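Beneath this line is the structure, given in structure tokens, with notes to follow.
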Amino acid sequence: MSSLKTPPERPKRNVIPGFGLSMGVTLTMLSLIVLIPLASVPLVLRDYSLSEFWRVVTDKQTIATYKVSFSCAAAAAVINVFFGVLLAWVITRYKFPGRRILDGLIELPFALPTAVAGVALTTLYSDKGWIGYLFSKVGVKISYTPIGIKIAMIFIGIPFVVRSIQPVLEKLDPQYEEAAATLGASRARTFMSVVIPEILPAALTGFALAFSRAIGEYGSVVFIAGNIPYKTQITPLIIMNKLEQFNYPAAASIALVMIVFSFLVLFGINILQSKISEISRGS
Amino acid sequence: MGSKTIKIVLILLSALFVTLMLILPLATVLVYSLRQGWRTFVSCVTDDYTVKALNLTLLTAAITLAVNTAFGIFSAWSIAKFRFRGKQALTTLIDIPFSISPIIAGLVFILIFGRIGWVYPLMEALDVKIVFAVPGIVLATIFVTFPFVSRELIPLMQSQGCDEEEAAALMGASGLQIFSRVTFPHIKWGLLYGVILCTARALGEFGAVSVVSGHLRGKTNTLPLHVEVLFNEFKLTASFAVASILVVIAIIILILRNIVEFRLKREEG
Amino acid sequence: MKKSILSKTIAALSAPLLIVALTAFAGFASDNAAGKISLTNVSYDPTREFYEQYNKLFREYWLREKGQDIEIIQSHGGSGKQARSVIEGNEADVVTLALEGDIDEIRKAGLINDGWVKEFDKSSAPYTSTIVFLVRKGNPKNIRDWDDIVKPGIEIITPDPKSSGGARWNFLAAWAFSDRQNGGDEEKNKEFLRALFANVTVLDSGARGSTTTFVENGQGDVLLAWENEAFLSQKEHPGDFEIATPSLSILAQPSVAVVDTYVGKHGTEEAAKAYLQYLYSDEAQRLEGRNYYRPSNPNILKEFGGAFNLNIKLVNIDDEFGGWEAARVKFFADGAIFDEIYQR
């Protein structure tokens with residue numbers, strides 16, 4: 001925070017009004033819609049002993065699903081950040097025919113019900129589909145393999161990344177980049193030293209959102225996954241299986257593990273993000 | 001490499017990605033939905049139950065958007081413009097609905113308002129139905145899309161800093177004035193993207209809603225649920241035809257957005 | 001200047017919202033007609049078309065008999081999920097689900113009285129089905145029976161018995177076949193099922209997912225499917241597929257029941273009972289046959305002898321496995337035989 005405008009004798013006091021009101025509204029809505037509902041998940045486990053809980057969440061098959069879910073989600077999020085930055089850059093920096101269409105397509109993965117997206121992707125990437133056929137010629141199977149899971153996760157995650165980065169790039173004046181370029185920095189160095197620091201917090205947000213959405217995703221992934229135990233089963237499917245057996249506590253146990261893990265990942269990224277934005281503001 | 005070459009390479013790479021990941025899946029949906037001809041397509045789309053499902057979906061999306069936009073602005077204001085203890089935890093808690101499997105999101109409302117839930121006796125006494133009725137669908141949709149607007153606004157408002165707002169405050173501007181004249185012009189694109197994302201996601205939300213809906217045809221079936229019902233009863237063509245309505249709505253939203261964007265930009269320019 | 005941007009944005013955003021909200025409300029306002037009795041039938045996925053026709057039939061019948069107009073609200077979804085929604089408070093008057101076990105879960109929750117299986121004829125199963133093979137046109141791999149599909153190189157598509165209740169019939173039918181072949185040797189049965197599931201290339205979470213995998217995406221040589229669903233796939237793709245009936249299969253009995261607690265609350269007991277009872281009438285039984293379910297009335301079943309293979313030997317879950325619950329515990333509970341098969 002700038003020390004010029006804040007009176008030095010009261011460094012902690014913020015002059016901007018509305019803290020009480022906005023914080024009050026935020027906390028009330030957050031509690032009503034998110035926190036209180038979530039608190040009922042552990043409530044289901046009240047009759048569950050710790051050893052039972054542990055047995056359910058560390059079952060061999062369940063652990064295999066964690067590996068599939070987390071590794072695929074992480075890979076998909078990394079790919080999404082790369083292409084997300086690329087797309088946001090192309091959309092905000094270049095003028096070319098079809099730019100608006102490209103821009104508009106980004107949200108479509110959200111509007112499509114996940115089951116439809118899953119069926120469409122599976123069809124497209126199976127060895128009989130338009131794209132999958134080409135890949136099967138070189139011996140790569142996509143649908144019904146972990147690659148297929150990643151494809152579905154990239155599909156559902158891409159809007160998060162693009163739309164996180166895009167506003168920042170739009171706000172970032174191209175003149176800075178041009179100035180840096182005319183001062184002799186190479187294009188790559190301009191990008192690394194001027195653009196990357198600006199978009200890093202937003203890219204992290206995008207990563208976090210795409211990653212956590214991918215971990216929880218069920219509808220589109222189950223179609224393309226093949227769901228073979230120990231190979232391509234995802235964790236949400238195991239939760240569904242428990243529910244299918246009317247086993248609420250077991251479902252809630254695994255759900256709890258996922259919630260806690262996602263919370264930790266998001267928490268870490270949020271800390272990182274705020275550190276970065278403080279540094280870049282300070283400089 | 002000249003800048004022209006880089007530009008072309010980047011554009012081509014983007015186009016390739018978008019084609020493989022977005023355009024072809026969409027094309028698949030449209031090809032399937034028209035597989036049995038226009039007449040089948042039209043009769044699927046104008047079916048009575050489809051229209052009712054569409055109405056419910058639009059209603060749900062409208063309420064969701066209002067709630068989440070309000071939340072987004074308030075929460076971004078308090079998080080980005082003030083320092084306080086526990087900020088990271090609060091930000092993370094807001095993100096939580098993203099990371100929760102939609103199935104779990106639906107389940108939590110069942111665990112509260114359902115027959116096995118702790119509020120059920122009260123609901124029975126009041127003769128109010130939350131889950132397996134429209135309120136439950138709205139609640140689940142709000143939950144799933146809860147962070148969308150705030151998530152767009154927070155990083156933007158943080159990177160912008162507070163200097164301008166502080167200056168305005170010291171000059172005696174009221175909170176509303178500061179927001180509308182100082183903050184808003186900076187965040188309007190972020191807000192717009194947040195709103196669009198939230199709407200798109202609310203329209204298409206399936207998992208959570210599916211758990212709380214009860215799938216009562218004509219009553220609690222949203223469009224995505226109707227798509228699934230058709231799909232599951234071995235009517236792939238009809239189900240994709242109904243899904244294409246959602247695509248069309250998304251395109252309408254996109255056009256609206258472009259109009260807003262164009263007008264705002266012209267005003268600024 | 002700047003303020004006008006804000007207000008314009010708000011106007012631009014809220015105008016479509018308002019329109020949307022108004023149309024939606026208008027849609028609902030026209031929805032509530034008063035003065036007639038209404039029943040909610042919570043059913044499973046592929047029955048929609050059948051119940052759509054049956055509801056018309058019953059509505060006429062009820063008007064004739066009682067002079068009262070009746071509206072029937074349908075709900076369709078995965079059978080297990082639907083049962084869960086009723087347990088969780090979805091107030092169905094009647095349930096018409098795929099599995100006896102799903103309805104029994106509702107009984108365990110205290111919503112249906114004990115002894116519901118006896119409440120209607122034929123163990124409360126007005127129509128039945130069985131498990132058959134859907135193979136590609138001309139049956140290129142020459143698949144006739146269960147021992148053909150466990151051969152190396154055959155690719156099988158079936159839903160996962162853990163996530164799809166209906167898929168458990170597939171498993172049980174194969175088990176019953178192997179049991180006859182191996183003279184009741186459980187270890188050999190497990191080997192048989194292990195060989196079968198080693199041939200499974202895609203284990204979808206539901207029946208429809210499996211059908212899409214097999215039919216639309218061209219995966220696998222054989223789909224294990226309910227007979228009525230196999231017929232529905234043939235109907236959507238005439239000429240592309242054939243149904244092969246194994247020598248032995250299992251009698252799948254989709255069951256029906258009145259949800260006693262909820263009809264008590266709604267005062268709809270009489271209508272609900274009549275609704276299910278009428279499923280056994282001759283007209284309704286013929287309608288079931290036309291929708292690819294086997295009518296439980298043997299005389300009417302014979303009328304459909306051209307469509308169904310009536311020579312298939314059908315084992316019954318009660319005689320063969322000691323009932324649904326016993327089968328569930330032995331085969332499909334966590335750590336039971338199905339999990340064991342995948343563990344190696």
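We label chains A, B, ... in the order they appear in the structure tokens, count residues from 1 in each chain, and number ligands from 1 in the order shown.
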
Test item, alpha helix (DSSP H) assignment across stretch 96-189 of chain C, answer as a ChimeraX atom specification: /C:100-108,121-124,146-149,167-181,186-189

Residue hits in chain C, query chain A, radius 8 Å, only C-alpha atoms, as number ranges by chain: C: 80-81, 84, 162-165, 201-205, 209, 212, 216-218, 333, 342

For the residues selected in the previous step, produce a file with all heavy atoms as a compact mmCIF listing (two decimals), in the first residue's frame.
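Result written to selection_17.txt:
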# COMPACT_ATOMS: atom_id res chain seq x y z
N GLY C 80 -30.94 -46.79 -9.27
CA GLY C 80 -30.42 -46.59 -7.91
C GLY C 80 -30.54 -45.15 -7.46
O GLY C 80 -30.93 -44.86 -6.33
N LYS C 81 -30.23 -44.24 -8.37
CA LYS C 81 -30.32 -42.81 -8.04
C LYS C 81 -31.76 -42.43 -7.75
O LYS C 81 -32.04 -41.65 -6.84
CB LYS C 81 -29.83 -41.96 -9.20
CG LYS C 81 -28.34 -41.95 -9.36
CD LYS C 81 -27.91 -40.98 -10.45
CE LYS C 81 -26.55 -41.32 -10.96
NZ LYS C 81 -26.55 -42.25 -12.08
N ARG C 84 -32.74 -43.55 -4.38
CA ARG C 84 -32.14 -42.68 -3.38
C ARG C 84 -32.93 -41.38 -3.26
O ARG C 84 -33.14 -40.89 -2.16
CB ARG C 84 -30.69 -42.39 -3.77
CG ARG C 84 -29.77 -42.53 -2.61
CD ARG C 84 -28.32 -42.56 -3.00
NE ARG C 84 -27.96 -41.52 -3.91
CZ ARG C 84 -27.40 -41.73 -5.09
NH1 ARG C 84 -27.17 -42.96 -5.50
NH2 ARG C 84 -27.09 -40.74 -5.87
N LYS C 162 -20.70 -52.07 -10.16
CA LYS C 162 -20.61 -51.27 -8.95
C LYS C 162 -21.42 -49.98 -9.07
O LYS C 162 -21.98 -49.50 -8.10
CB LYS C 162 -19.15 -50.90 -8.65
CG LYS C 162 -18.28 -52.07 -8.31
CD LYS C 162 -18.56 -52.58 -6.92
CE LYS C 162 -17.51 -52.06 -5.97
NZ LYS C 162 -17.55 -52.79 -4.68
N SER C 163 -21.43 -49.40 -10.26
CA SER C 163 -22.13 -48.12 -10.39
C SER C 163 -23.48 -48.26 -11.09
O SER C 163 -24.29 -47.34 -11.02
CB SER C 163 -21.25 -47.10 -11.14
OG SER C 163 -20.84 -47.62 -12.38
N SER C 164 -23.73 -49.36 -11.75
CA SER C 164 -25.01 -49.53 -12.42
C SER C 164 -25.68 -50.78 -11.87
O SER C 164 -25.20 -51.90 -12.10
CB SER C 164 -24.80 -49.65 -13.93
OG SER C 164 -25.85 -50.37 -14.51
N GLY C 165 -26.78 -50.57 -11.16
CA GLY C 165 -27.48 -51.71 -10.59
C GLY C 165 -27.89 -52.72 -11.65
O GLY C 165 -27.78 -53.93 -11.45
N THR C 201 -13.31 -54.04 -22.31
CA THR C 201 -12.40 -52.95 -22.64
C THR C 201 -12.89 -51.61 -22.12
O THR C 201 -12.10 -50.73 -21.84
CB THR C 201 -12.21 -52.84 -24.16
OG1 THR C 201 -13.50 -52.80 -24.78
CG2 THR C 201 -11.43 -54.02 -24.69
N VAL C 202 -14.19 -51.45 -22.02
CA VAL C 202 -14.73 -50.21 -21.45
C VAL C 202 -15.83 -50.58 -20.45
O VAL C 202 -16.73 -51.33 -20.77
CB VAL C 202 -15.32 -49.29 -22.53
CG1 VAL C 202 -15.88 -48.03 -21.91
CG2 VAL C 202 -14.27 -48.95 -23.57
N LEU C 203 -15.68 -50.04 -19.24
CA LEU C 203 -16.62 -50.36 -18.17
C LEU C 203 -17.38 -49.08 -17.85
O LEU C 203 -17.02 -48.35 -16.94
CB LEU C 203 -15.83 -50.85 -16.96
CG LEU C 203 -16.48 -51.69 -15.88
CD1 LEU C 203 -17.04 -52.98 -16.44
CD2 LEU C 203 -15.48 -52.00 -14.78
N ASP C 204 -18.42 -48.78 -18.62
CA ASP C 204 -19.11 -47.51 -18.43
C ASP C 204 -19.87 -47.49 -17.12
O ASP C 204 -20.16 -48.54 -16.54
CB ASP C 204 -20.08 -47.27 -19.60
CG ASP C 204 -19.36 -46.66 -20.78
OD1 ASP C 204 -18.89 -45.53 -20.65
OD2 ASP C 204 -19.25 -47.34 -21.82
N SER C 205 -20.23 -46.28 -16.69
CA SER C 205 -20.90 -46.18 -15.39
C SER C 205 -22.38 -46.52 -15.49
O SER C 205 -23.01 -46.78 -14.48
CB SER C 205 -20.71 -44.79 -14.81
OG SER C 205 -21.36 -43.84 -15.61
N GLY C 209 -24.40 -45.39 -21.26
CA GLY C 209 -23.02 -45.12 -21.62
C GLY C 209 -22.42 -46.28 -22.38
O GLY C 209 -21.75 -46.11 -23.41
N THR C 212 -23.75 -46.39 -25.94
CA THR C 212 -23.09 -45.39 -26.78
C THR C 212 -21.70 -45.87 -27.18
O THR C 212 -21.30 -45.75 -28.33
CB THR C 212 -22.97 -44.06 -26.03
OG1 THR C 212 -24.25 -43.74 -25.51
CG2 THR C 212 -22.51 -42.96 -26.95
N GLU C 216 -22.32 -46.17 -30.94
CA GLU C 216 -21.87 -44.95 -31.62
C GLU C 216 -20.36 -44.95 -31.85
O GLU C 216 -19.89 -44.48 -32.87
CB GLU C 216 -22.24 -43.71 -30.80
CG GLU C 216 -23.68 -43.63 -30.37
CD GLU C 216 -24.63 -43.40 -31.54
OE1 GLU C 216 -24.17 -42.96 -32.60
OE2 GLU C 216 -25.84 -43.68 -31.37
N ASN C 217 -19.61 -45.42 -30.87
CA ASN C 217 -18.16 -45.31 -30.98
C ASN C 217 -17.50 -46.58 -31.49
O ASN C 217 -16.27 -46.66 -31.55
CB ASN C 217 -17.56 -44.91 -29.63
CG ASN C 217 -18.08 -43.56 -29.17
OD1 ASN C 217 -18.52 -42.76 -29.98
ND2 ASN C 217 -18.05 -43.32 -27.88
N GLY C 218 -18.32 -47.57 -31.80
CA GLY C 218 -17.78 -48.76 -32.46
C GLY C 218 -16.80 -49.57 -31.64
O GLY C 218 -15.94 -50.25 -32.19
N ALA C 333 -20.83 -56.11 -2.76
CA ALA C 333 -20.43 -55.25 -1.65
C ALA C 333 -18.93 -54.96 -1.78
O ALA C 333 -18.21 -55.66 -2.51
CB ALA C 333 -20.74 -55.93 -0.32
N TYR C 342 -11.09 -58.16 -9.80
CA TYR C 342 -10.24 -57.12 -10.38
C TYR C 342 -8.93 -56.97 -9.63
O TYR C 342 -8.03 -56.28 -10.10
CB TYR C 342 -10.98 -55.79 -10.41
CG TYR C 342 -11.57 -55.52 -11.77
CD1 TYR C 342 -12.93 -55.61 -12.02
CD2 TYR C 342 -10.72 -55.22 -12.85
CE1 TYR C 342 -13.45 -55.39 -13.28
CE2 TYR C 342 -11.24 -55.00 -14.10
CZ TYR C 342 -12.60 -55.09 -14.32
OH TYR C 342 -13.09 -54.88 -15.57

At most 6 Å to chain B: residues in chain A, only C-alpha atoms, as a ChimeraX atom specification: /A:15-17,19,22-23,26,37,87,104,110-113,120-121,167,212-213,216-217,262,266-267

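Minimum distance to chain B across C:Gln82, C:Asn199, C:Thr128, C:Asn299 (counting only C-alpha atoms) occurs at C:Gln82.
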
Residues flagged strand (DSSP E or B) by DSSP in stretch 138-326 of chain C, as JSON, numbers by chain: {"C": [156, 157, 158, 159, 200, 201, 202, 203, 204, 222, 223, 224, 225, 226, 241, 242, 243, 244, 248, 249, 250, 251, 252, 255, 256, 257, 258, 294, 295, 313, 314, 315]}

Between chain B and chain C, at 9 Å or less, what are the per-residue closest atom pairs and their distances in Å? Count only C-alpha atoms, order by chain and rising residue number, and return it as a Markdown table.
| residue | atom | partner | partner_atom | distance |
| --- | --- | --- | --- | --- |
| B:Val51 | CA | C:Gly27 | CA | 8.6 |
| B:Lys52 | CA | C:Gly27 | CA | 6.9 |
| B:Leu54 | CA | C:Ala24 | CA | 8.3 |
| B:Asn55 | CA | C:Ala24 | CA | 4.6 |
| B:Leu56 | CA | C:Ala24 | CA | 6.4 |
| B:Thr57 | CA | C:Ala24 | CA | 8.4 |
| B:Leu58 | CA | C:Val20 | CA | 6.1 |
| B:Leu59 | CA | C:Ala24 | CA | 5.3 |
| B:Thr60 | CA | C:Ala21 | CA | 8.7 |
| B:Ala61 | CA | C:Leu17 | CA | 8.9 |
| B:Ala62 | CA | C:Leu17 | CA | 5.9 |
| B:Ile63 | CA | C:Ala21 | CA | 8.1 |
| B:Leu65 | CA | C:Leu17 | CA | 8.7 |
| B:Ala66 | CA | C:Leu17 | CA | 8.8 |
| B:Ile110 | CA | C:Glu88 | CA | 6.7 |
| B:Leu111 | CA | C:Glu88 | CA | 8.3 |
| B:Phe113 | CA | C:Gly89 | CA | 8.6 |
| B:Gly114 | CA | C:Glu88 | CA | 4.9 |
| B:Arg115 | CA | C:Gly89 | CA | 4.7 |
| B:Ile116 | CA | C:Glu88 | CA | 6.0 |
| B:Gly117 | CA | C:Glu88 | CA | 8.2 |
| B:Tyr120 | CA | C:Gly89 | CA | 8.9 |
| B:Val131 | CA | C:Gly89 | CA | 7.6 |
| B:Phe132 | CA | C:Asn90 | CA | 5.6 |
| B:Ala133 | CA | C:Asn90 | CA | 8.7 |
| B:Gln177 | CA | C:Lys3 | CA | 8.8 |
| B:Ser180 | CA | C:Lys3 | CA | 6.3 |
| B:Arg181 | CA | C:Lys2 | CA | 5.8 |
| B:Val182 | CA | C:Lys2 | CA | 8.6 |
| B:Phe184 | CA | C:Leu6 | CA | 7.1 |
| B:Pro185 | CA | C:Lys2 | CA | 7.2 |
| B:Lys188 | CA | C:Leu6 | CA | 8.3 |
| B:Leu192 | CA | C:Leu13 | CA | 8.8 |
| B:Val195 | CA | C:Leu13 | CA | 8.9 |
| B:Val211 | CA | C:Ser85 | CA | 7.6 |
| B:Val212 | CA | C:Ser85 | CA | 7.8 |
| B:Ser213 | CA | C:Asn90 | CA | 8.5 |
| B:Gly214 | CA | C:Asn90 | CA | 6.0 |
| B:His215 | CA | C:Ser75 | CA | 5.0 |
| B:Leu216 | CA | C:Ser75 | CA | 4.5 |
| B:Arg217 | CA | C:Gln74 | CA | 5.5 |
| B:Gly218 | CA | C:Ile73 | CA | 7.8 |
| B:Lys219 | CA | C:Ile73 | CA | 8.4 |
| B:Asn221 | CA | C:Ser75 | CA | 8.7 |
| B:Glu228 | CA | C:Gly77 | CA | 8.3 |
| B:Val229 | CA | C:Gly77 | CA | 6.4 |
| B:Leu230 | CA | C:Asp45 | CA | 8.5 |
| B:Phe231 | CA | C:Arg208 | CA | 7.3 |
| B:Asn232 | CA | C:Arg208 | CA | 5.2 |
| B:Glu233 | CA | C:Pro46 | CA | 4.2 |
| B:Phe234 | CA | C:Leu232 | CA | 6.6 |
| B:Lys235 | CA | C:Glu236 | CA | 7.6 |
| B:Leu236 | CA | C:Thr212 | CA | 8.5 |
| B:Leu256 | CA | C:Ala12 | CA | 8.5 |
| B:Arg257 | CA | C:Leu13 | CA | 8.8 |
| B:Val260 | CA | C:Ala12 | CA | 6.7 |
| B:Leu264 | CA | C:Ile5 | CA | 6.9 |
| B:Glu267 | CA | C:Ile5 | CA | 7.8 |
| B:Glu268 | CA | C:Ile5 | CA | 8.7 |

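Among the candidate residues C:Tyr275, C:Phe133, C:Phe50, C:Phe58, the one lying nearest to C:Phe241 is C:Phe133, with distances computed using only C-alpha atoms.
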